[in-house]
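To be precise, the following lines are upload.txt, and they hold compact mmCIF, C-alpha atoms.
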# COMPACT_ATOMS: atom_id res chain seq x y z
CA MET A 196 165.31 0.40 -90.69
CA HIS A 197 167.02 -2.94 -90.09
CA LEU A 198 169.37 -1.25 -87.64
CA CYS A 199 166.42 0.29 -85.78
CA LEU A 200 164.79 -3.12 -85.44
CA ALA A 201 167.75 -5.37 -84.70
CA HIS A 202 170.54 -3.24 -83.19
CA PRO A 203 172.02 -5.35 -80.34
CA THR A 204 171.67 -2.62 -77.67
CA LEU A 205 169.19 -0.10 -79.12
CA GLY A 206 167.00 -2.18 -81.46
CA TYR A 207 163.23 -2.40 -81.07
CA TYR A 208 163.13 -6.20 -80.96
CA THR A 209 166.29 -6.60 -78.89
CA THR A 210 165.61 -4.23 -76.02
CA ARG A 211 161.97 -4.60 -74.99
CA LYS A 212 159.00 -6.93 -74.72
CA VAL A 213 156.97 -6.31 -77.85
CA PHE A 214 154.77 -9.44 -77.95
CA GLY A 215 151.74 -10.43 -75.91
CA SER A 216 149.17 -8.53 -73.89
CA SER A 217 151.89 -6.58 -72.05
CA GLY A 218 153.72 -5.67 -75.27
CA ASP A 219 152.99 -3.49 -78.28
CA PHE A 220 151.01 -6.08 -80.22
CA ILE A 221 149.59 -9.55 -79.91
CA THR A 222 149.73 -12.29 -82.57
CA SER A 223 147.36 -15.15 -83.34
CA PRO A 224 149.30 -17.79 -81.37
CA GLU A 225 149.25 -15.54 -78.31
CA ILE A 226 145.48 -15.16 -78.61
CA SER A 227 144.57 -18.85 -78.79
CA GLN A 228 146.40 -22.17 -78.77
CA ILE A 229 144.03 -23.37 -81.51
CA PHE A 230 146.04 -21.47 -84.11
CA GLY A 231 149.24 -23.42 -83.49
CA GLU A 232 147.40 -26.71 -83.04
CA LEU A 233 145.64 -26.47 -86.41
CA LEU A 234 148.80 -25.32 -88.13
CA ALA A 235 150.49 -28.42 -86.73
CA ILE A 236 147.71 -30.61 -88.13
CA TRP A 237 148.26 -29.08 -91.55
CA PHE A 238 151.97 -29.86 -91.33
CA VAL A 239 151.10 -33.44 -90.41
CA THR A 240 148.94 -33.78 -93.54
CA GLN A 241 151.89 -32.68 -95.66
CA TRP A 242 154.29 -34.99 -93.85
CA LEU A 243 151.92 -37.89 -94.50
CA ALA A 244 151.57 -36.86 -98.15
CA GLN A 245 155.35 -37.03 -98.52
CA GLY A 246 155.47 -40.62 -97.26
CA THR A 247 156.16 -40.00 -93.54
CA PRO A 248 159.91 -39.27 -93.68
CA ARG A 249 161.74 -40.63 -90.63
CA LYS A 250 163.55 -37.38 -89.87
CA VAL A 251 161.83 -34.00 -89.59
CA ARG A 252 163.38 -30.65 -88.85
CA VAL A 253 161.42 -27.52 -87.95
CA VAL A 254 162.69 -24.15 -89.17
CA GLU A 255 160.99 -20.99 -87.90
CA LEU A 256 161.72 -17.47 -89.07
CA GLY A 257 161.15 -14.97 -86.28
CA PRO A 258 159.78 -17.24 -83.51
CA GLY A 259 159.01 -14.34 -81.15
CA LYS A 260 158.32 -15.68 -77.67
CA GLY A 261 158.22 -19.24 -79.00
CA THR A 262 154.49 -19.66 -78.38
CA LEU A 263 153.61 -20.86 -81.88
CA LEU A 264 156.58 -23.21 -82.00
CA ALA A 265 155.62 -24.72 -78.63
CA ASP A 266 152.00 -25.26 -79.71
CA VAL A 267 153.07 -26.96 -82.94
CA LEU A 268 155.56 -29.24 -81.17
CA ARG A 269 153.12 -30.04 -78.36
CA THR A 270 150.52 -31.07 -80.92
CA PHE A 271 153.01 -33.27 -82.75
CA LYS A 272 153.85 -34.99 -79.47
CA ALA A 273 150.19 -35.53 -78.53
CA LEU A 274 149.35 -37.42 -81.72
CA PRO A 275 149.55 -41.23 -82.02
CA GLY A 276 152.96 -42.52 -83.02
CA HIS A 277 152.09 -43.28 -86.63
CA SER A 278 150.74 -39.72 -87.07
CA SER A 279 153.42 -37.86 -85.12
CA PRO A 280 156.27 -36.35 -87.15
CA PRO A 281 159.61 -37.40 -85.59
CA VAL A 282 161.30 -34.02 -84.98
CA THR A 283 165.06 -34.55 -85.07
CA SER A 284 166.25 -30.94 -85.14
CA ILE A 285 164.98 -27.37 -84.72
CA HIS A 286 166.43 -24.26 -86.37
CA LEU A 287 165.34 -20.79 -85.24
CA ILE A 288 166.17 -17.57 -87.07
CA GLU A 289 166.31 -15.02 -84.28
CA SER A 290 168.64 -12.06 -83.71
CA SER A 291 167.45 -11.11 -80.21
CA GLU A 292 169.31 -12.78 -77.34
CA ALA A 293 166.41 -12.00 -74.98
CA LEU A 294 163.92 -13.75 -77.27
CA ARG A 295 166.27 -16.71 -77.71
CA LYS A 296 166.10 -17.26 -73.96
CA GLU A 297 162.29 -17.14 -74.08
CA GLN A 298 162.25 -19.64 -76.94
CA LYS A 299 164.55 -21.99 -75.07
CA LYS A 300 162.15 -21.98 -72.11
CA LYS A 301 159.22 -22.81 -74.37
CA LEU A 302 161.12 -25.73 -75.90
CA VAL A 303 161.72 -27.17 -72.46
CA GLU A 304 158.09 -26.68 -71.45
CA SER A 305 156.85 -28.42 -74.60
CA GLY A 306 159.07 -31.45 -74.01
CA PHE A 307 161.66 -30.66 -76.70
CA GLY A 308 164.39 -29.25 -74.50
CA MET A 309 166.72 -32.10 -75.43
CA THR A 310 166.05 -31.92 -79.17
CA LYS A 311 168.97 -30.59 -81.20
CA THR A 312 168.27 -26.87 -81.54
CA GLU A 313 170.32 -24.19 -83.23
CA TRP A 314 169.78 -20.45 -83.45
CA TRP A 315 170.78 -18.40 -86.48
CA SER A 316 170.88 -14.68 -87.20
CA SER A 317 169.70 -14.99 -90.80
CA VAL A 318 168.05 -17.62 -92.95
CA ASP A 319 171.06 -18.06 -95.23
CA GLU A 320 172.98 -19.54 -92.27
CA VAL A 321 170.61 -22.52 -92.02
CA PRO A 322 172.43 -25.50 -93.54
CA ALA A 323 170.94 -27.67 -96.24
CA ALA A 324 169.61 -31.03 -95.06
CA ASP A 325 169.13 -33.76 -97.63
CA ASP A 326 168.18 -36.38 -95.04
CA GLU A 327 165.51 -34.39 -93.16
CA PHE A 328 161.99 -33.38 -94.16
CA THR A 329 161.86 -29.63 -93.50
CA VAL A 330 158.90 -27.75 -92.05
CA VAL A 331 159.27 -23.97 -92.39
CA ILE A 332 157.17 -21.52 -90.37
CA ALA A 333 157.19 -17.76 -91.01
CA HIS A 334 154.28 -16.30 -89.08
CA GLU A 335 154.09 -12.50 -89.27
CA PHE A 336 157.78 -12.55 -90.13
CA PHE A 337 157.53 -10.37 -93.22
CA ASP A 338 155.84 -7.64 -91.19
CA ALA A 339 159.18 -6.98 -89.52
CA LEU A 340 161.07 -6.46 -92.77
CA PRO A 341 161.92 -2.93 -93.91
CA ILE A 342 159.61 -1.51 -96.58
CA HIS A 343 159.69 1.29 -99.11
CA ILE A 344 156.97 3.97 -99.11
CA PHE A 345 156.37 6.11 -102.20
CA GLU A 346 154.09 9.10 -102.77
CA ASN A 347 152.86 10.26 -106.16
CA THR A 348 153.72 13.94 -106.67
CA PRO A 349 153.41 16.34 -109.64
CA LYS A 350 157.08 15.56 -110.30
CA GLY A 351 156.53 11.81 -110.21
CA TRP A 352 156.85 9.14 -107.53
CA ARG A 353 159.06 10.15 -104.62
CA GLU A 354 160.21 7.96 -101.75
CA VAL A 355 159.08 8.82 -98.22
CA MET A 356 162.14 9.08 -95.98
CA VAL A 357 162.79 9.52 -92.24
CA ASP A 358 164.48 12.80 -91.36
CA VAL A 359 165.49 14.77 -88.27
CA ALA A 360 162.69 17.24 -87.57
CA ASP A 361 164.64 19.47 -85.24
CA PRO A 362 168.35 18.91 -84.47
CA LYS A 363 167.87 20.41 -81.00
CA ALA A 364 165.05 17.99 -80.22
CA VAL A 365 167.44 15.09 -80.62
CA ILE A 366 169.67 16.23 -77.76
CA VAL A 367 167.20 18.23 -75.64
CA THR A 368 164.99 15.56 -74.06
CA SER A 369 162.40 18.08 -72.87
CA ALA A 370 161.75 19.32 -76.40
CA PRO A 371 157.98 19.20 -77.05
CA LYS A 372 158.30 18.13 -80.69
CA GLN A 373 159.01 14.66 -82.00
CA PRO A 374 162.67 14.46 -83.09
CA LEU A 375 161.89 12.58 -86.30
CA ARG A 376 159.55 13.25 -89.20
CA LEU A 377 158.59 11.79 -92.58
CA VAL A 378 159.68 13.77 -95.64
CA LEU A 379 159.58 13.28 -99.40
CA ALA A 380 162.87 12.78 -101.18
CA PRO A 381 163.42 15.84 -103.43
CA ASN A 382 164.68 13.65 -106.27
CA PRO A 383 164.22 10.04 -107.38
CA THR A 384 165.99 7.54 -105.13
CA PRO A 385 167.42 4.22 -106.36
CA ALA A 386 164.38 2.44 -104.93
CA SER A 387 161.79 4.75 -106.49
CA ALA A 388 163.58 4.61 -109.82
CA MET A 389 163.65 0.82 -109.77
CA TYR A 390 160.03 0.26 -108.76
CA THR A 391 158.53 2.83 -111.12
CA ARG A 392 160.48 1.91 -114.23
CA LEU A 393 157.70 -0.41 -115.38
CA ALA A 394 158.96 -0.97 -118.88
CA SER A 395 162.16 -2.58 -117.69
CA ILE A 396 160.69 -4.71 -114.88
CA SER A 397 159.73 -8.23 -115.87
CA THR A 398 160.16 -10.13 -112.60
CA ALA A 399 159.87 -9.34 -108.94
CA PRO A 400 163.02 -7.84 -107.40
CA THR A 401 164.98 -10.47 -105.54
CA SER A 402 165.10 -9.75 -101.84
CA SER A 403 167.83 -11.13 -99.61
CA LEU A 404 165.22 -13.11 -97.69
CA SER A 405 163.56 -14.89 -100.58
CA SER A 406 166.76 -15.58 -102.47
CA ASN A 407 168.30 -17.05 -99.36
CA LEU A 408 165.42 -19.48 -99.01
CA SER A 409 167.35 -21.50 -101.58
CA PHE A 410 169.22 -23.16 -98.72
CA ASP A 411 166.99 -26.09 -99.67
CA THR A 412 166.06 -26.09 -103.34
CA THR A 413 163.24 -28.55 -102.74
CA LEU A 414 161.72 -26.40 -100.04
CA PRO A 415 159.20 -28.55 -98.14
CA PRO A 416 155.83 -27.39 -96.80
CA SER A 417 155.68 -24.02 -95.13
CA SER A 418 152.95 -21.71 -93.94
CA ILE A 419 153.57 -18.07 -94.57
CA ARG A 420 151.62 -14.96 -93.72
CA PRO A 421 152.84 -12.49 -96.37
CA THR A 422 153.31 -8.79 -95.63
CA ALA A 423 150.09 -6.82 -96.00
CA SER A 424 151.10 -4.45 -98.77
CA VAL A 425 149.11 -1.72 -100.46
CA PRO A 426 147.44 -2.57 -102.74
CA SER A 427 146.68 -5.92 -101.18
CA SER A 428 145.60 -8.36 -103.87
CA ASN A 429 146.32 -11.76 -105.37
CA GLU A 430 147.01 -10.39 -108.86
CA PRO A 431 150.34 -10.87 -110.67
CA MET A 432 153.08 -8.41 -109.89
CA SER A 433 152.88 -6.86 -113.36
CA LYS A 434 149.23 -5.94 -112.75
CA THR A 435 150.07 -4.59 -109.31
CA LEU A 436 152.78 -2.38 -110.78
CA GLU A 437 150.42 -1.15 -113.49
CA ARG A 438 147.92 -0.10 -110.82
CA PHE A 439 150.83 1.38 -108.87
CA ALA A 440 151.71 3.61 -111.83
CA ARG A 441 148.11 4.78 -112.29
CA GLN A 442 147.62 5.99 -108.71
CA PRO A 443 146.56 9.67 -108.52
CA ALA A 444 148.79 12.38 -107.13
CA GLY A 445 148.95 12.29 -103.36
CA SER A 446 148.59 8.50 -103.20
CA ARG A 447 151.01 6.52 -101.10
CA MET A 448 152.19 2.99 -101.70
CA GLU A 449 154.01 0.58 -99.40
CA ILE A 450 156.18 -1.99 -101.14
CA SER A 451 157.91 -5.01 -99.63
CA PRO A 452 160.17 -6.80 -102.13
CA ALA A 453 160.05 -9.93 -100.00
CA SER A 454 156.28 -10.27 -100.12
CA TRP A 455 156.20 -9.96 -103.90
CA GLU A 456 159.01 -12.44 -104.36
CA VAL A 457 157.39 -15.00 -102.11
CA ALA A 458 153.91 -14.48 -103.52
CA ARG A 459 154.87 -14.66 -107.17
CA GLY A 460 158.47 -15.50 -107.95
CA VAL A 461 159.47 -18.06 -105.35
CA GLY A 462 157.86 -20.92 -107.27
CA LYS A 463 160.12 -20.37 -110.26
CA LEU A 464 163.12 -19.53 -108.09
CA LEU A 465 163.04 -22.73 -106.05
CA GLU A 466 161.03 -25.05 -108.31
CA VAL A 467 158.27 -25.43 -105.74
CA SER A 468 154.50 -25.08 -105.77
CA THR A 469 152.81 -22.11 -104.10
CA HIS A 470 149.29 -22.22 -102.67
CA GLY A 471 147.05 -19.33 -101.69
CA PRO A 472 147.03 -16.94 -100.07
CA ILE A 473 143.69 -17.58 -98.39
CA THR A 474 142.22 -15.84 -95.38
CA GLN A 475 143.19 -16.96 -91.92
CA SER A 476 139.50 -17.63 -91.25
CA ASP A 477 139.17 -20.03 -94.19
CA PHE A 478 142.39 -21.80 -93.26
CA LEU A 479 141.43 -22.39 -89.63
CA GLN A 480 137.80 -23.28 -90.20
CA HIS A 481 138.56 -25.80 -92.92
CA LEU A 482 141.07 -27.50 -90.64
CA GLY A 483 138.48 -28.06 -87.93
CA MET A 484 138.43 -25.03 -85.70
CA GLU A 485 134.84 -25.57 -84.49
CA PRO A 486 135.36 -29.19 -83.30
CA ARG A 487 138.60 -28.20 -81.58
CA LEU A 488 136.89 -25.25 -79.90
CA GLU A 489 134.11 -27.49 -78.64
CA GLY A 490 136.69 -29.90 -77.23
CA LEU A 491 138.50 -27.16 -75.31
CA MET A 492 135.26 -25.79 -73.88
CA LYS A 493 133.81 -29.15 -72.87
CA ASN A 494 135.32 -29.38 -69.39
CA ALA A 495 136.09 -25.70 -68.84
CA SER A 496 134.44 -23.53 -66.21
CA PRO A 497 131.73 -21.08 -67.39
CA GLU A 498 134.11 -18.15 -67.10
CA ARG A 499 136.90 -20.01 -68.86
CA LYS A 500 134.52 -21.04 -71.65
CA LYS A 501 133.82 -17.39 -72.40
CA ASP A 502 137.53 -16.60 -72.61
CA ILE A 503 138.28 -19.60 -74.86
CA GLU A 504 135.41 -18.85 -77.21
CA SER A 505 136.15 -15.12 -77.37
CA ALA A 506 139.80 -15.74 -78.21
CA ALA A 507 139.00 -18.33 -80.88
CA LYS A 508 136.37 -16.16 -82.51
CA ARG A 509 138.85 -13.31 -82.70
CA LEU A 510 141.04 -15.44 -84.96
CA ILE A 511 138.29 -15.73 -87.55
CA ASP A 512 136.61 -12.34 -87.10
CA PRO A 513 135.55 -11.20 -90.61
CA LEU A 514 136.01 -7.59 -89.55
CA GLY A 515 139.51 -8.20 -88.20
CA MET A 516 142.31 -10.71 -88.51
CA GLY A 517 140.02 -13.43 -89.87
CA LYS A 518 139.85 -11.59 -93.18
CA GLU A 519 142.89 -9.32 -93.08
CA TYR A 520 145.42 -12.01 -92.21
CA LYS A 521 146.39 -14.39 -95.00
CA VAL A 522 148.00 -17.82 -95.12
CA MET A 523 150.20 -19.03 -97.97
CA ALA A 524 151.86 -22.40 -98.39
CA ILE A 525 154.89 -23.59 -100.33
CA THR A 526 155.29 -27.31 -101.05
CA PRO A 527 157.68 -29.42 -103.15
CA LYS A 528 156.85 -29.29 -106.84
CA GLY A 529 155.20 -32.49 -107.96
CA SER A 530 153.54 -33.19 -104.59
CA VAL A 531 150.80 -35.78 -104.86
CA GLY A 532 147.19 -34.58 -104.56
CA GLU A 533 145.73 -31.22 -103.66
CA CYS A 534 147.09 -29.04 -100.89
CA PHE A 535 144.06 -28.81 -98.62
CA PRO A 536 142.57 -26.40 -97.62
CA PHE A 537 143.95 -24.29 -100.44
CA PRO A 538 141.87 -24.27 -103.63
CA GLY A 539 143.16 -26.31 -106.54
CA LYS A 540 144.78 -24.62 -109.50

Show this structure as structure tokens.
Amino acid sequence: MHLCLAHPTLGYYTTRKVFGSSGDFITSPEISQIFGELLAIWFVTQWLAQGTPRKVRVVELGPGKGTLLADVLRTFKALPGHSSPPVTSIHLIESSEALRKEQKKKLVESGFGMTKTEWWSSVDEVPAADDEFTVVIAHEFFDALPIHIFENTPKGWREVMVDVADPKAVIVTSAPKQPLRLVLAPNPTPASAMYTRLASISTAPTSSLSSNLSFDTTLPPSSIRPTASVPSSNEPMSKTLERFARQPAGSRMEISPASWEVARGVGKLLEVSTHGPITQSDFLQHLGMEPRLEGLMKNASPERKKDIESAAKRLIDPLGMGKEYKVMAITPKGSVGECFPFPGK
């Protein structure tokens, strides 16, 4: 799956435009600038809570077209000096050369073209920085990670695999059938054996992503939208696995090790505090979405007002991303005060 996504010449993310209205999907930052602006304000509150460190570095996992990064940096720059985090370096985890070029353009447009910026292929390449306050962004990053899918059968849980449907269809381009299909593994796979052996599982499996976040063992504030797994809940992993085991025959489950590790185990792993997840709607509205929306619409034309309002409302739509999308934060353990707008523990 990783090869399909990130292959340098054939990969999904490396060979085509997948983001935005002309791509396969559109993300919150592409819908409205308010998303990035309010996220930036939240980062500022955490920077202030940590005593306004004089050096700030921004680390983003999977920046896409760079839209969210540009909105965050533009907001930082627009704030008064005493409230504006001094960004001294930017680190972007991106494997696509085409997207790196897009991100570089956005940095120039946002006024940060001269800021020290480095691109990395994986998060474990990002160096530790004891003298910089680190802001980590991972928006819809976990969605791009490979997952395991299991189906409950009379013989037990079996992993869903990708197989060649018809060997001829692979080489005969005019073949009417799809060349690939989903099949059930005839026997237990290492993954299905590991995830369904409940008695021996006491902690979340360590994924390469979450374990590599230890590049900074006092991981500063970050905003993370975890993978939407099935079942989607805030309960401990042990409870999720118990429900997993009780699913009736024919049920399917999608499991992302990274989302579990971040949601439950990362606090112990890195000695940090985790907050949330809460809905995207709650996060944005508590941070002042309505006042910001009114400000944007104030001097806009009637037609533009409709577009601005429609886009903003989409972010908090209770029937869509407002409820389905979640925000989670990770802050240094021992941080002073509550982590607004996340509920206290």

- [ ] For CA of Phe345 (chain A) and CA of Thr384 (chain A), quote the distance in Å rounded to one decimal.
- [x]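 Value for the CA of Phe345 (chain A)-CA of Thr384 (chain A) distance: 10.2 Å.
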
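For the pair CA of Leu268 (chain A) and CA of Asp512 (chain A), the separation is 26.1 Å.
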
*What separation in Å, quoted to one decimal, exists between CA of Gly483 (chain A) and CA of Ser305 (chain A)?*
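Separating CA of Gly483 (chain A) from CA of Ser305 (chain A) is a distance of 22.7 Å.
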
Which residue of A:Ser316, A:Leu256, A:Thr240, A:Leu340 approaches His197 (chain A) most closely, using all atoms listed in the file:
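Nearest to His197 (chain A): A:Leu340.
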
query: Out of A:Asp319, A:Glu533, A:Glu225, A:Asp325, which residue has the shortest atom-to-atom distance to Ala506 (chain A) when counting only C-alpha atoms?
result: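 So, comparing all the options, the nearest one is A:Glu225.
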
Mind checking which residues fall within 9 Å of Gly259 (chain A), counting all atoms listed in the file, ignoring those fewer than 6 positions away in the same chain, and posting them as a CSV table (one decimal) with C-alpha atoms, keeping the file's coordinate frame?
chain,number,residue,atom,x,y,z
A,213,VAL,CA,157.0,-6.3,-77.8
A,214,PHE,CA,154.8,-9.4,-78.0
A,289,GLU,CA,166.3,-15.0,-84.3
A,294,LEU,CA,163.9,-13.8,-77.3
A,295,ARG,CA,166.3,-16.7,-77.7
A,297,GLU,CA,162.3,-17.1,-74.1
A,298,GLN,CA,162.2,-19.6,-76.9

### Closest of A:Ser496, A:Pro280, A:Phe537, A:Lys508 to Leu243 (chain A) - atom-to-atom distances counting only C-alpha atoms
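Residue with the minimum atom-to-atom distance to Leu243 (chain A): A:Pro280.
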
Could you put an axis-aligned box around every listed atom of region 275-288 of chain A, padded by 5 Å on each side, and send me its centre and edge lengths in Å to one decimal, as lines of an AutoDock Vina configuration file?
center_x = 158.0
center_y = -30.4
center_z = -84.6
size_x = 26.9
size_y = 35.7
size_z = 15.1

Using only C-alpha atoms, the best pick from A:Glu504, A:Glu327, A:Asp338, A:Glu354 as closest to Arg487 (chain A) would be A:Glu504

Exercise. Quick one: of A:Ser290, A:Ser387, A:Thr329, A:Ser505, who's nearest to Gln241 (chain A), counting all atoms listed in the file?
Worked result: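 When distances to Gln241 (chain A) are compared using all atoms listed in the file, the smallest one comes from A:Thr329.
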
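When all atoms listed in the file are used to compute distances to Val282 (chain A), the closest of the residues A:Val253, A:Leu302, A:Met309, A:Leu263 turns out to be A:Val253.
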
Please, can region 303-312 of chain A be completed to all heavy atoms and returned as a PDB file, in the frame of the given file?
ATOM      1  N   VAL A 303     161.672 -26.292 -73.628  1.00  0.00           N
ATOM      2  CA  VAL A 303     161.720 -27.170 -72.460  1.00  0.00           C
ATOM      3  C   VAL A 303     160.313 -27.504 -71.985  1.00  0.00           C
ATOM      4  O   VAL A 303     159.982 -28.664 -71.707  1.00  0.00           O
ATOM      5  CB  VAL A 303     162.529 -26.509 -71.322  1.00  0.00           C
ATOM      6  CG1 VAL A 303     162.429 -27.335 -70.041  1.00  0.00           C
ATOM      7  CG2 VAL A 303     163.987 -26.339 -71.737  1.00  0.00           C
ATOM      8  N   GLU A 304     159.463 -26.486 -71.917  1.00  0.00           N
ATOM      9  CA  GLU A 304     158.090 -26.680 -71.450  1.00  0.00           C
ATOM     10  C   GLU A 304     157.299 -27.618 -72.368  1.00  0.00           C
ATOM     11  O   GLU A 304     156.422 -28.342 -71.901  1.00  0.00           O
ATOM     12  CB  GLU A 304     157.380 -25.326 -71.352  1.00  0.00           C
ATOM     13  CG  GLU A 304     157.942 -24.410 -70.268  1.00  0.00           C
ATOM     14  CD  GLU A 304     157.360 -23.014 -70.338  1.00  0.00           C
ATOM     15  OE1 GLU A 304     156.500 -22.778 -71.220  1.00  0.00           O
ATOM     16  OE2 GLU A 304     157.763 -22.155 -69.530  1.00  0.00           O
ATOM     17  N   SER A 305     157.588 -27.585 -73.648  1.00  0.00           N
ATOM     18  CA  SER A 305     156.850 -28.420 -74.600  1.00  0.00           C
ATOM     19  C   SER A 305     157.441 -29.822 -74.739  1.00  0.00           C
ATOM     20  O   SER A 305     156.929 -30.636 -75.511  1.00  0.00           O
ATOM     21  CB  SER A 305     156.814 -27.742 -75.973  1.00  0.00           C
ATOM     22  OG  SER A 305     158.128 -27.531 -76.469  1.00  0.00           O
ATOM     23  N   GLY A 306     158.493 -30.109 -73.978  1.00  0.00           N
ATOM     24  CA  GLY A 306     159.070 -31.450 -74.010  1.00  0.00           C
ATOM     25  C   GLY A 306     160.130 -31.648 -75.075  1.00  0.00           C
ATOM     26  O   GLY A 306     160.510 -32.784 -75.374  1.00  0.00           O
ATOM     27  N   PHE A 307     160.643 -30.552 -75.649  1.00  0.00           N
ATOM     28  CA  PHE A 307     161.660 -30.660 -76.700  1.00  0.00           C
ATOM     29  C   PHE A 307     162.963 -29.986 -76.288  1.00  0.00           C
ATOM     30  O   PHE A 307     163.748 -29.577 -77.135  1.00  0.00           O
ATOM     31  CB  PHE A 307     161.130 -30.051 -77.995  1.00  0.00           C
ATOM     32  CG  PHE A 307     160.116 -30.913 -78.697  1.00  0.00           C
ATOM     33  CD1 PHE A 307     158.789 -30.938 -78.273  1.00  0.00           C
ATOM     34  CD2 PHE A 307     160.477 -31.720 -79.764  1.00  0.00           C
ATOM     35  CE1 PHE A 307     157.853 -31.736 -78.900  1.00  0.00           C
ATOM     36  CE2 PHE A 307     159.551 -32.518 -80.402  1.00  0.00           C
ATOM     37  CZ  PHE A 307     158.227 -32.537 -79.974  1.00  0.00           C
ATOM     38  N   GLY A 308     163.175 -29.886 -74.996  1.00  0.00           N
ATOM     39  CA  GLY A 308     164.390 -29.250 -74.500  1.00  0.00           C
ATOM     40  C   GLY A 308     165.656 -29.987 -74.869  1.00  0.00           C
ATOM     41  O   GLY A 308     166.732 -29.386 -74.961  1.00  0.00           O
ATOM     42  N   MET A 309     165.548 -31.297 -75.096  1.00  0.00           N
ATOM     43  CA  MET A 309     166.720 -32.100 -75.430  1.00  0.00           C
ATOM     44  C   MET A 309     166.891 -32.291 -76.938  1.00  0.00           C
ATOM     45  O   MET A 309     167.874 -32.887 -77.384  1.00  0.00           O
ATOM     46  CB  MET A 309     166.619 -33.471 -74.759  1.00  0.00           C
ATOM     47  CG  MET A 309     166.542 -33.414 -73.240  1.00  0.00           C
ATOM     48  SD  MET A 309     167.971 -32.561 -72.502  1.00  0.00           S
ATOM     49  CE  MET A 309     169.273 -33.733 -72.891  1.00  0.00           C
ATOM     50  N   THR A 310     165.940 -31.807 -77.720  1.00  0.00           N
ATOM     51  CA  THR A 310     166.050 -31.920 -79.170  1.00  0.00           C
ATOM     52  C   THR A 310     167.126 -30.972 -79.681  1.00  0.00           C
ATOM     53  O   THR A 310     167.242 -29.838 -79.203  1.00  0.00           O
ATOM     54  CB  THR A 310     164.705 -31.579 -79.852  1.00  0.00           C
ATOM     55  OG1 THR A 310     163.695 -32.449 -79.342  1.00  0.00           O
ATOM     56  CG2 THR A 310     164.794 -31.740 -81.359  1.00  0.00           C
ATOM     57  N   LYS A 311     167.919 -31.425 -80.636  1.00  0.00           N
ATOM     58  CA  LYS A 311     168.970 -30.590 -81.200  1.00  0.00           C
ATOM     59  C   LYS A 311     168.379 -29.296 -81.729  1.00  0.00           C
ATOM     60  O   LYS A 311     167.538 -29.303 -82.637  1.00  0.00           O
ATOM     61  CB  LYS A 311     169.681 -31.333 -82.337  1.00  0.00           C
ATOM     62  CG  LYS A 311     170.773 -30.517 -83.020  1.00  0.00           C
ATOM     63  CD  LYS A 311     171.354 -31.250 -84.215  1.00  0.00           C
ATOM     64  CE  LYS A 311     172.370 -30.381 -84.952  1.00  0.00           C
ATOM     65  NZ  LYS A 311     172.915 -31.058 -86.157  1.00  0.00           N
ATOM     66  N   THR A 312     168.810 -28.171 -81.156  1.00  0.00           N
ATOM     67  CA  THR A 312     168.270 -26.870 -81.540  1.00  0.00           C
ATOM     68  C   THR A 312     169.408 -25.896 -81.792  1.00  0.00           C
ATOM     69  O   THR A 312     170.357 -25.825 -81.014  1.00  0.00           O
ATOM     70  CB  THR A 312     167.352 -26.292 -80.442  1.00  0.00           C
ATOM     71  OG1 THR A 312     166.295 -27.226 -80.169  1.00  0.00           O
ATOM     72  CG2 THR A 312     166.745 -24.968 -80.877  1.00  0.00           C
TER      73      THR A 312
END
